[in-house]
Amino acid sequence: MIYIGKERLTMPDCFSAPAFTYRYSLLDMHTVDCSILLAQDTPDALVLAILCDFRGRPVQEMVNHIVLRLRELMGDDESGFRNYFEMLETLAENRDLQPNIKEAEQMLTQVDVTKFASYSWGMRDGIEKGIREGELKKAQEVARGLLQLGVIAEADIARISGLPLEEVQRLRIQH
């Protein structure tokens, strides 16, 4: 059994009756070193880390780290981030960390997301995609122009434009 309650765990790890005794394992999240979950580096583990022992580390620093890393891991998935953030807010109530969560949320709105690696990756991918689309559009324009002349063979137009022959034939039909 995993205990995530607000107060320290006082429940015994067994139940005894006259005819039997039942034992079970208890894990009090208050006693778990948060670095174990932070090392997992997954959104689920980060959210659970809010319940753990920060081992003397400054509370606001830990909350900020959890929120920022959660933001980075979720990237452009705003809905996913919101879901995890709501879970984080709910669990933070068990540790009276609502003010820290609010401060981290305000800090997040002031963070320059353009410095995140995930932003750079997305930007680079977007630029590369835009270049490819632009090159394709230009090649299609060249092929259309050559097709309008009506004197150049489709195979030559494909070679000149860099388009596959099938694409040139498709453009001729559309023209």
# chains A, B, ... in the order shown; residues from 1 in each chain; ligands from 1
call {"tool": "residues_around", "arguments": {"residues": "Arg71 (chain A)", "least_positions_apart": "4", "cutoff": "12 Å", "atoms": "only C-alpha atoms", "output": "JSON list (two decimals) with C-alpha atoms, in the first residue's frame"}}
result
[["chain", "number", "residue", "atom", "x", "y", "z"],
["A", 41, "ASP", "CA", 12.48, 11.82, -15.86],
["A", 42, "THR", "CA", 8.92, 10.95, -16.89],
["A", 43, "PRO", "CA", 5.84, 13.13, -16.37],
["A", 46, "LEU", "CA", 7.73, 14.06, -11.73],
["A", 47, "VAL", "CA", 4.17, 14.50, -10.52],
["A", 64, "ASN", "CA", 10.15, 24.94, -9.84],
["A", 65, "HIS", "CA", 12.35, 22.11, -11.11],
["A", 66, "ILE", "CA", 9.42, 19.70, -11.26],
["A", 67, "VAL", "CA", 7.17, 22.19, -13.08],
["A", 75, "GLY", "CA", 6.77, 20.03, -25.32],
["A", 76, "ASP", "CA", 3.93, 21.26, -27.53],
["A", 77, "ASP", "CA", 1.35, 18.97, -25.89],
["A", 78, "GLU", "CA", -0.45, 21.75, -24.03],
["A", 79, "SER", "CA", -3.41, 19.54, -23.10],
["A", 80, "GLY", "CA", -1.10, 16.88, -21.67],
["A", 81, "PHE", "CA", 0.83, 19.48, -19.72],
["A", 82, "ARG", "CA", -2.41, 20.90, -18.28],
["A", 83, "ASN", "CA", -3.52, 17.41, -17.20],
["A", 84, "TYR", "CA", -0.23, 16.70, -15.45],
["A", 85, "PHE", "CA", -0.17, 20.16, -13.90],
["A", 104, "ALA", "CA", 6.11, 28.05, -10.07],
["A", 105, "GLU", "CA", 3.16, 28.62, -12.40],
["A", 107, "MET", "CA", 7.56, 31.67, -13.02],
["A", 108, "LEU", "CA", 6.64, 29.43, -15.93],
["A", 109, "THR", "CA", 4.79, 32.24, -17.68],
["A", 111, "VAL", "CA", 10.30, 31.66, -18.80],
["A", 112, "ASP", "CA", 11.65, 32.17, -22.29],
["A", 113, "VAL", "CA", 10.51, 28.92, -23.88],
["A", 116, "PHE", "CA", 14.20, 25.07, -24.32],
["A", 117, "ALA", "CA", 15.80, 22.35, -26.41],
["A", 118, "SER", "CA", 12.34, 21.12, -27.40],
["A", 119, "TYR", "CA", 11.55, 24.56, -28.83]]
call {"tool": "select_by_dssp", "arguments": {"residues": "region 3-151 of chain A", "states": "strand (DSSP E or B)", "output": "ChimeraX atom specification"}}
result
/A:3,14-16,21-23,27-28,33,53
call {"tool": "select_by_dssp", "arguments": {"residues": "chain A", "states": "helix (DSSP H, G or I)", "output": "count of residues only"}}
result
118
call {"tool": "residues_around", "arguments": {"residues": "region 22-33 of chain A", "least_positions_apart": "3", "cutoff": "10 Å", "atoms": "only C-alpha atoms", "output": "JSON, numbers by chain"}}
result
{"A": [1, 2, 3, 4, 5, 6, 7, 8, 9, 10, 11, 12, 13, 14, 15, 16, 17, 36, 37, 38, 48, 49, 50, 51, 52, 53, 54, 55, 95]}
call {"tool": "residues_around", "arguments": {"residues": "Gly56 (chain A)", "least_positions_apart": "5", "cutoff": "12 Å", "atoms": "only C-alpha atoms", "output": "JSON list (two decimals) with C-alpha atoms, in the first residue's frame"}}
result
[["chain", "number", "residue", "atom", "x", "y", "z"],
["A", 33, "ASP", "CA", 13.85, 10.45, -1.59],
["A", 34, "CYS", "CA", 12.47, 12.63, -4.39],
["A", 35, "SER", "CA", 15.67, 12.21, -6.42],
["A", 61, "GLU", "CA", 13.55, 25.19, -6.04],
["A", 62, "MET", "CA", 12.26, 21.63, -6.09]]
call {"tool": "residues_around", "arguments": {"residues": "Leu163 (chain A)", "least_positions_apart": "3", "cutoff": "9 Å", "atoms": "only C-alpha atoms", "output": "list in words"}}
result
Leu136, Ala139, Gln140, Ala143, Ile157, Ala158, Arg159, Ile160, Glu166, Glu167 and Val168 of chain A
call {"tool": "closest_residue", "arguments": {"among": "A:Ala39, A:Arg124, A:Gln98, A:Ser161", "to": "Glu86 (chain A)", "atoms": "only C-alpha atoms"}}
result
A:Gln98
call {"tool": "atom_distance", "arguments": {"atom1": "CA of Leu88 (chain A)", "atom2": "CA of Gln110 (chain A)"}}
result
19.5 Å
call {"tool": "closest_residue", "arguments": {"among": "A:Met74, A:Ala45, A:Phe20, A:Asn100", "to": "Val59 (chain A)", "atoms": "only C-alpha atoms"}}
result
A:Asn100
call {"tool": "closest_residue", "arguments": {"among": "A:Ala92, A:Lys129, A:Leu165, A:Gln174", "to": "Gln148 (chain A)", "atoms": "only C-alpha atoms"}}
result
A:Gln174
call {"tool": "atom_distance", "arguments": {"atom1": "CA of Ala155 (chain A)", "atom2": "CA of Glu135 (chain A)"}}
result
19.2 Å
